[in-house]
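Asks: After the C-alpha cells below, expect a handful of questions from me.
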Protein chains: 2
Amino acid sequence: MKLLVAFFFVLIFLTGWTQPAGTDYTQFVNPFIGTKKMGHTFPGAVVPFGMVQLSPDTDTIGYWDAENNRYNKKVYEYCAGYQYDDPTIVGFSHTHFSGTGHSDLGDFLIMPTKGDLQLNPRTADQPEKGYRSTYQKKTEKVEPGYYRVKLDDGNIVAELTTTERVGFHQYSIAETEDAHIILDLMHGIYNYEDKNVWTFIRVENDTLVTGYRQTSGWARTKIVYFAMTFSKPMKSYGHKKYDHSVYNGFYRKFDEEHNFPEMAGRKIRAHFDFKIEEHQPLMMKFALSAVSTEGAIKNLQAEIPHWNFGKTRKEAKQKWNTELSKIKVETNTLDEKVVFYTALYHAFISPIVYEDVDGQYRGLDQNIHQSDGFTNYTIFSLWDTYRALHPLFNLVQPHRNNDMVFSMLAHFDQSVHPMLPVWSHYSNENWCMIGYHSTSVISDAIVKDVFTGDINRALNACNQTAKYKPYDGIEYYLDLGYVPEDKNGSSVSKTLEYAYDDWTIAQIADKARNELIYSEFMRRSESYLNVFDEESAYMRPKLSDGTFRKEFDPLDTHGQGFIEGNAWNYGLYVPQDPNALIGLMGGKKKFSKMLDQLFSRQLDDKHIEANEDITRDGIIGLYVHGNEPGHHIPYLYNWTGHPEKTQERVRMICNTMYANTPDGLCGNDDCGQMSAWYIFSALGFYPVCPGSDEYALGSPLVKSAEIDLGNGKILSIIVENQSAEHVHVKEVFLNGEKLNTPFIKHSDLIGGGEMMFKME
Amino acid sequence: MKLLVAFFFVLIFLTGWTQPAGTDYTQFVNPFIGTKKMGHTFPGAVVPFGMVQLSPDTDTIGYWDAENNRYNKKVYEYCAGYQYDDPTIVGFSHTHFSGTGHSDLGDFLIMPTKGDLQLNPRTADQPEKGYRSTYQKKTEKVEPGYYRVKLDDGNIVAELTTTERVGFHQYSIAETEDAHIILDLMHGIYNYEDKNVWTFIRVENDTLVTGYRQTSGWARTKIVYFAMTFSKPMKSYGHKKYDHSVYNGFYRKFDEEHNFPEMAGRKIRAHFDFKIEEHQPLMMKFALSAVSTEGAIKNLQAEIPHWNFGKTRKEAKQKWNTELSKIKVETNTLDEKVVFYTALYHAFISPIVYEDVDGQYRGLDQNIHQSDGFTNYTIFSLWDTYRALHPLFNLVQPHRNNDMVFSMLAHFDQSVHPMLPVWSHYSNENWCMIGYHSTSVISDAIVKDVFTGDINRALNACNQTAKYKPYDGIEYYLDLGYVPEDKNGSSVSKTLEYAYDDWTIAQIADKARNELIYSEFMRRSESYLNVFDEESAYMRPKLSDGTFRKEFDPLDTHGQGFIEGNAWNYGLYVPQDPNALIGLMGGKKKFSKMLDQLFSRQLDDKHIEANEDITRDGIIGLYVHGNEPGHHIPYLYNWTGHPEKTQERVRMICNTMYANTPDGLCGNDDCGQMSAWYIFSALGFYPVCPGSDEYALGSPLVKSAEIDLGNGKILSIIVENQSAEHVHVKEVFLNGEKLNTPFIKHSDLIGGGEMMFKME
C-alpha cells in the first residue's frame, strides 16, 4: 500500500503535475501582425523553424510582366499568399515564406467543400463560381501552431495545426453525402504560366495519397513530395487536367478522371469525396519531404502517428512556449509585450528544418544527402538576416545557428558554383539581392564561439566565395577595388557590402591564424574608400575609368548605384569601421548633424514611391526602416559622442514602426530580420557589425528581461525607471560594474548575470 | 630456376594462353539487319541487356497529330532513330528501343563538330545549316558493341563502344582550336512539343559534366540522369535555351550562356569546346543512371575507370561472344548463320538492366529501391515477348529470366494499380497493347523451374492483375465472360488473350496446389468460346447484349474487334487448347484446309495497307508474320495431323521473312520477339503455348546446334540430311529414342543430350 502511494507521487513528479504551470507566452503572440500591407507574414499554423507553414491563401494573384522582365508589382502583396482584408479564402497551402519581398512556394493547396464539386477556385469577386469561399473575419482564430476559420461555403469550420513536417487539418462539416477535399496542384504563390514543371498524385489506398509538385520559379529546380492521409476512407476521387495538348499515350484506355489512382501532368486539380456523418469531423494529415514520397510517409508516421488533433495542437503550442520563453520580458504595456513576442515568433519561423526525420535531404546538387552531425536548414534570406537575425540566434539559438552554418557549408560543398549561399531555398540558389553575407553569419558564429566545426573549412568556403569572378561584379571588384557602375549596377551597394563581408572573412582568418588571408581581406575591407566621393561627401557610383558618374541623385533609390536604398541610407554602410566612415564624412560633429538631417528631412512623394516593399509609415525623414540597409544607422550616433540620440531614435522606431495591428510591420519582415531588429533594440543593444564581438547600446524598451543563453546561463536585464518618457540611458551596469562606453561585448554577456540600465 | 619455369607455365595456364581461341561469333552478327524499313532496330553500340544503346540517330522526325490523337504515321519509321538509307546523321544518343512500333527515349544526343558553332541540327535537306552531318555509307562499320562512322562535316571519325551503363565515345578530329561536343537535351525520339519536362546540366569541373533529362512521353514520368567526362579539359562551354517566356529569376545577373556551370530549363542545347592537338582523339565517357547524378558517377567510375577505348571495345565484344556462344550453330549458308546470330543478338538486347552498379533503381512508385537478391530489368514489351522471347530466355538465359520475373513482381509491389507490367519501361507503365501477359512469362518460368522465388507471391500478383476491373474491359470480361465490342474496342483480341493468360495463371495455381484459383482460372480460360460465332465459324466481336455485331470484315484489321491482326490471324489464338479450337472450327480436316487457305489466299491492297508496322514482304497469303498474333499459326498444322505442312511453312517463313540485308526483318523486331521466333524455328521447335512444358516441332534450319542450357548441360541438335530442299522431318530422336508426336517437352530437353532430326 505504501509502495503504491510512493509510486503515485513518483508518477506525479514525472508527469510534472506538481510543477506550477509556466507562463504561456503564446498568449502574447498575435500572428496577424504583418499580414496587412507589406509585412508579408502569414497567419497560419507553424511550429518553430518547421518545414510546414499551413496557412490560408486569400490570393496569389500575379502575372509575369514579360515586357519589363519582372512581376507586376501588385503581386508583391501576396508574397505570403494572404492579405488581412481580403474577403475570400482560396484554401490552405503547406509552404510559405515569412516576410519576403519576392516569392515562391504555396505548395499543395487544400480546400474542403460541400455539395456540387467545383474544381476551379475562380476569382475573389466571384467566389460563388468556384471552390473559393468567403469568410467572416471574426471567425478567424490564430495562435502559434493553430489556425481556425469558418468558411461561409458549406459552413465548414476549418482548423489547422502542425508539426515540423506534417500539417494536421480538421474540418467540421455538417452531415452530407457530398463533401470534397480539393488538392489543387496548380495553385502556388507567384504562379505565373508554366511555373509548374510536373505534378504527380498516387492514390495508394482509400485513406493514403502521395505525390509531388515540381516547379521552376524563384527556386529554379524545386520539388516537394507529399503524403496525405484521411481519417476516414474516401468514397471516390478524381481529377481534371488543364494541360493544353499534352500527349497522353495509352492512358486513354482508362477513364482517367475518375477513380484512376495515378494522376500526372503539368496542371492538375484533384478531388477526394467523402460521406460525412454527424459529429464526425473529417481529419487529414499532410506530410512534406524534399526527398521522396517514401520520405513523406516516414515523416507522417514518425511525427503524427495518431488522430488526436488536440494533442498535436497542444504540442505545437508547447514547442512555441519553449522557444518564446527563452526571452522572458516585462514591458510597460501589453501591446509592447505582444509586439515583442510576435517579433520573437516571426524570428523563429525561418530558416526551416529541411530534412526528413531520418536526416535525408536534397542537396544543392539535387542528390540525396544524409545530414551528418547537424540538422539541415533552408531558406537563407541572407542579405536581410545576417544583420540581426543570425546574431540573435547566436544569443538565444546557438545550437540551431551552428546547424545553419553547417547547412551553409553543405550548400557550398554541393554547389557547382564555389560559393556559399546568397539567397537559397529548397535546394536552390536563387541569387536574389547582393553580397556574400554567409561570410558574415559564419564569422559571427565563429567569433562568438558558436560554431563547432572546422574553422579552416569555413575559411576556405568564404575565401572561395569572395573570389568567384562570374558573380555580380566580383571580377571588377577584384581588379579595381570597386564595382564599376557602367559594368554592373547597384555598384555602390555591392562595393560597400563586399568590403564589409571581406572584413568578416578577415575575422575568420584571424581566428584560424591565417595571416595571409587575414591581411588580404583586411585590405579588401577598405574598398569602401574607393566609392567615396570627397567632393560631394557621398558614397557614389564610380565608372570603370575611375571617374564618378556625373548623374547622381542621392535621394533616389533607383539607378543611383544602390539597391533598396539611396545614398543617404546605404551610403552610411561601413559597419566594420564606423569611425573611419565618420572621419571620411567630416568628423563626428558633421556626421552627427548629417544623421539629424537624415531623420528629419522630409522625403518628397516621388522618392517615397521609389521605395520598394515598404509602407509610407516605414520612413522617418530620409531614414527608411522598412528596408534593411539602414538598420544600423540609428546606432551610429554612439560613435559620434551622442549616444542619447541613438537612444531617442531607437525608442522612436520601436514605438512608431512596430505595432500590435495587422499592419504593425512597416515593411517586409524579411524572414525575421525586421523582427530581430526589434528584439535586440527592445532589449537595449544591437549588433551593428556582425562578425565583431561588439554590440552598440540603445534604449531598452522592456522593463526587464531574462535571456536564456542556451549554455545554461541566464542574462538578466533590469531597466530601472523605465517608462515611455524615460528614453535616455543614464548609466549601465554589468554585474555591478558600470560601463564607460555605449558598447558592450558579447563575451561579457554570454557568461550570464545582470545588466542594469538606469533610465532618465 | 625450375620453380620459375613452373611458375611461368602456371601463368600461361591461368591467363588462358594455352587455350585455343574460341570461335568469334560476333563476326556473324550484322547489326544493320532491321535498320531499313520497319525492323526498327538500331546499328549502334550495345552490350547484352545493357542500359546504354549508343547509336546514331539519322532522324526522329515526328509530330503529334492532335486531330487524330496519334502520331503521324511517318514517324513510325524512326522508332529506333535510324533509317539505313538516310543521308545524314544528327548525332549519337544513348538510349534506344530495339524493334518497337511505338517509341520514346533517344536521350542525350552527342554530336562532335569542328569550326563555327552550330547549335541547331536543322533538317536532312539542309544539313550544312546545322550541326547535323552527311556521311558516306561505306565509312560505317558496325559490330556488336562497336560503331564507327566518318562524318563529312569536319572530317570527324566517330567511334562508339559501351559497357552496360557507360557509353564510350572516341572522336578523331584533325588539329583545331575549334572542336565542339554538342549535348542536345532537346533531342529525343518521338519528341513532340512539350515532351521535355525539365532538363538540367552541371559542369562539375573542366572534365566532368552531370545532369538529367526528364520527359513525359510514352513513359509518362521518366527521368534519366547522366555523368559525362572528357579525356581532356574543355576550354569553354555554354548553352542556349529555346524555352519561350520562362521566368529566369535572378539568373539574369549572369551571362548564363557562357561558362555558367548550371544550366536548366525545358529546352536546352549545350556545347563544350576543345582545342585538339594532332593525333589526340577526343574521348568521352557517358554514364547513365535512373537514380541520380551521383549514381551515374558511381556507374562511370565502376565500369570504365580508364581511357582505353580499345579495351572497352574488346570487352564489349567478349560479352557478346559469351552470350552468342550459348547457341553454337552450323548452317547451310553463311547468310543463314548471320541471320541466326543477328537474331540472337537482337534477342539479347532487351529487357535492359535497370539499376545502378550498387543495385539502386527507381521503382514504379518513383522512389529509389534496392534490388535485393536479383538484378532489376526494364523494357517489357510483353504483348510481343511473352510468345517466344521469354521462353527462349528460359532455355538459354534462365538466370536473367528469373531476374526479369523478380523485376515484374517488384513492379507489381510498387505499382499503385494492382497489376503486373503490361508494357513497361523506365519506371513507368505505358499501358501499350493488350492482355496481361506477365502471367504467361511468370507461369512459363515456374513451369520450367526457372523461377526461384515464392510461387504464392507470384500467384497472388497474377490473380490480382487478372481481376483489376478498370483495366481494358476486365470489368465486362469478369461479368460476361467476354469483352463486349460496344463497351471496349479490340474486344475479340482481348477476350482471346485474357482466356489464354487465365490459363497460364491456372498453371501457376496448379504448381502452388491452389485448387480454388486453379479451377477458377481454368474456367476463365474457356472464355474464347464466348466470342466464337458458330454461324460464320469466326471469332467475332460480340456486343454487351449477347449478340454478335452485324458489321464484320474478317480480312480487315481495324474496327473488327482485333488489334494488329484480323479474324484470320488473330481468330486462331487459343494456344492453351488448339484441339478445342480445331474442334470448334470444324475438325482437323477443315481446320487444316483453312490454314492452307490462310497461307495462299491473296490479301488485296486495301487490306495490306491496313496492316501496321510491317512491310508488304511480311505477308504470306493472309498470314502476317510481320506482327505477332499469328506467330504460332504455322505450328498449328501439327495438331491437324499434318506436321509436314508446319515444316513447310516454317521453313518458308525462315527463308523469306528473314534475310541478311538491312531490310531483312519483315516487321518490327519488337524487342526481340521476331528474332526469338526465328531462333526457335531454326532450331526445330517452338513454344506455341508458353506456360506449358510443350514445344511443337517444326523444320530445323540449322545443320547442327549446341545449346548451353545454363544449368551445366548441353543440348546438341543434329540435323541429318539437312539442305534447302530437305524441308521435311522424317524422324526425330531424343537421346536415341524416337519421338512419336511432333511435340517435345521442355523437361525432356533441359537435361541436355542429343536431339537428332532426320530430314528428307
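Residue names in the C-alpha cells use chain letters A, B, ... in the order shown, residue numbers from 1 in each chain, and ligand numbers from 1 in the order shown.
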Up to 6 Å from chain B, what residues of chain A turn up? Count only C-alpha atoms and give them as a PyMOL selection string.
Replies: chain A and resi 204+218+249-250+416+431-432
Asks: Please produce an output containing C-alpha atoms for each residue in the selection, written as a PDB file, in the first residue's frame.
Replies:
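Saved result, out_18.pdb, follows:
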ATOM      1  CA  GLU A 204      -2.153   4.445 -52.576  1.00  0.00           C
ATOM      2  CA  TRP A 218      12.382  31.622 -57.689  1.00  0.00           C
ATOM      3  CA  GLY A 249      -0.237   7.876 -74.602  1.00  0.00           C
ATOM      4  CA  PHE A 250      -2.193   4.768 -73.870  1.00  0.00           C
ATOM      5  CA  VAL A 416      28.668  23.801 -58.597  1.00  0.00           C
ATOM      6  CA  TRP A 431      20.737  34.625 -56.447  1.00  0.00           C
ATOM      7  CA  CYS A 432      18.412  37.257 -55.026  1.00  0.00           C
TER       8      CYS A 432
END
Asks: Excluding His279 of chain A and its own-chain neighbours fewer than 4 positions away, which residues fall within 8 Å of it when counting only C-alpha atoms? Please give them as a compact mmCIF listing (two decimals) with N, CA and C atoms, in the first residue's frame.
Replies:
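The resulting file, part_19.txt, is reproduced below:
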# COMPACT_ATOMS: atom_id res chain seq x y z
N SER A 172 -14.80 20.52 -39.74
CA SER A 172 -16.12 20.17 -39.21
C SER A 172 -17.16 20.54 -40.26
N ALA A 174 -21.17 19.65 -41.67
CA ALA A 174 -22.44 19.02 -41.31
C ALA A 174 -22.66 17.78 -42.17
N GLU A 175 -23.42 16.86 -41.65
CA GLU A 175 -23.76 15.60 -42.32
C GLU A 175 -24.05 15.80 -43.81
Asks: With only C-alpha atoms as the counted atoms, please give the residues lying no more than 7 Å from Phe28 of chain A, apart from itself and same-chain residues fewer than 5 positions off, as a count of residues only.
Replies: 3
Asks: Any chance you could list, as a ChimeraX atom specification, the residues in segment 320-544 of chain A that come up alpha helix (DSSP H) when DSSP is run on the backbone?
Replies: /A:320-324,334-347,382-385,389-396,398-414,438-447,455-465,474-480,491-511,515-524
Asks: If we count only C-alpha atoms and set the cut-off at 6 Å, which residues sit around segment 232-237 of chain A, ignoring sequence neighbours fewer than 6 positions away in its own chain? Please answer as a list in words.
Replies: Asp206, Thr207, Asn259, His271, Phe272, Asp273 and Phe274 of chain A
Asks: Only N, CA and C atoms, please: the residues just picked out, written as a CSV table (one decimal), in the first residue's frame.
Replies:
chain,number,residue,atom,x,y,z
A,206,ASP,N,-7.5,3.8,-50.0
A,206,ASP,CA,-8.6,4.8,-49.8
A,206,ASP,C,-8.5,5.8,-48.6
A,207,THR,N,-7.3,5.7,-48.0
A,207,THR,CA,-7.0,6.8,-47.0
A,207,THR,C,-5.6,7.4,-47.2
A,259,ASN,N,-11.5,7.9,-60.3
A,259,ASN,CA,-11.0,6.8,-59.5
A,259,ASN,C,-9.8,6.1,-60.2
A,271,HIS,N,-9.7,15.9,-56.6
A,271,HIS,CA,-10.7,15.9,-55.5
A,271,HIS,C,-10.9,14.6,-54.9
A,272,PHE,N,-11.2,14.6,-53.6
A,272,PHE,CA,-11.4,13.3,-52.9
A,272,PHE,C,-12.7,13.5,-52.2
A,273,ASP,N,-13.6,12.5,-52.4
A,273,ASP,CA,-15.0,12.7,-52.0
A,273,ASP,C,-15.3,11.9,-50.8
A,274,PHE,N,-16.1,12.5,-49.9
A,274,PHE,CA,-16.4,11.8,-48.6
A,274,PHE,C,-17.9,11.9,-48.2
Asks: Can you pull out every residue within 10 Å of Gly667 of chain B, counting only C-alpha atoms, but drop anything in the same chain fewer than 2 positions away, and send it as a list in words?
Replies: Gly34, Lys37, Met38, Gly39, His40, Gly99, Thr100, Gly101, Glu612, Asp613, Ile614, Thr615, Arg616, Asp617, Gly618, Ile619, Val624, His625, Gly626, Asn627, Glu628, Met657, Tyr658, Asp663, Gly664, Leu665, Asp669, Asp670 and Met674 of chain B
Asks: One decimal, Å: what's the distance from atom CA of Leu516 of chain B over to atom CA of Glu497 of chain B, could you say?
Replies: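 Atom-to-atom, atom CA of Leu516 of chain B and atom CA of Glu497 of chain B are spaced 21.6 Å apart.
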Asks: Of the candidates B:Arg269, B:Tyr147, B:Lys542, B:Asn332, which one gets nearest to Tyr131 of chain B if we count only C-alpha atoms?
Replies: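 Counting only C-alpha atoms, the residue closest to Tyr131 of chain B is B:Arg269.
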Asks: Work out how far atom CA of Ile110 of chain B is from atom CA of Arg313 of chain B, in Å to one decimal.
Replies: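 Atom CA of Ile110 of chain B lies 18.9 Å from atom CA of Arg313 of chain B.
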Asks: Output as a ChimeraX atom specification all residues of segment 474-551 of chain A that backbone DSSP marks as strand (DSSP E or B).
Replies: /A:532-533,538-539,542,548
Asks: Since we have the selection now, will you write its residues out, keeping N, CA, C and O atoms, as a PDB file, in the first residue's frame?
Replies:
ATOM      1  N   PHE A 532      33.897  56.447 -52.308  1.00  0.00           N
ATOM      2  CA  PHE A 532      33.584  57.687 -51.602  1.00  0.00           C
ATOM      3  C   PHE A 532      34.061  58.889 -52.416  1.00  0.00           C
ATOM      4  O   PHE A 532      35.220  58.975 -52.809  1.00  0.00           O
ATOM      5  N   ASP A 533      33.124  59.765 -52.683  1.00  0.00           N
ATOM      6  CA  ASP A 533      33.439  60.967 -53.461  1.00  0.00           C
ATOM      7  C   ASP A 533      33.672  62.120 -52.494  1.00  0.00           C
ATOM      8  O   ASP A 533      32.721  62.632 -51.879  1.00  0.00           O
ATOM      9  N   TYR A 538      29.564  61.954 -50.612  1.00  0.00           N
ATOM     10  CA  TYR A 538      28.653  60.819 -50.686  1.00  0.00           C
ATOM     11  C   TYR A 538      29.409  59.589 -51.186  1.00  0.00           C
ATOM     12  O   TYR A 538      30.362  59.711 -51.955  1.00  0.00           O
ATOM     13  N   MET A 539      28.926  58.420 -50.750  1.00  0.00           N
ATOM     14  CA  MET A 539      29.268  57.211 -51.487  1.00  0.00           C
ATOM     15  C   MET A 539      28.521  57.339 -52.810  1.00  0.00           C
ATOM     16  O   MET A 539      27.328  57.670 -52.833  1.00  0.00           O
ATOM     17  N   LYS A 542      30.856  54.883 -59.241  1.00  0.00           N
ATOM     18  CA  LYS A 542      32.080  55.173 -59.965  1.00  0.00           C
ATOM     19  C   LYS A 542      32.088  54.358 -61.248  1.00  0.00           C
ATOM     20  O   LYS A 542      31.537  53.247 -61.283  1.00  0.00           O
ATOM     21  N   PHE A 548      33.814  59.376 -61.133  1.00  0.00           N
ATOM     22  CA  PHE A 548      32.459  59.196 -60.623  1.00  0.00           C
ATOM     23  C   PHE A 548      31.457  59.552 -61.708  1.00  0.00           C
ATOM     24  O   PHE A 548      31.679  60.464 -62.503  1.00  0.00           O
TER      25      PHE A 548
END
Asks: Report, in Å to a single decimal, how far apart atom CA of Ile620 of chain A and atom CA of Ala724 of chain A are.
Replies: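 That distance, rounded to one decimal, is 19.1 Å.
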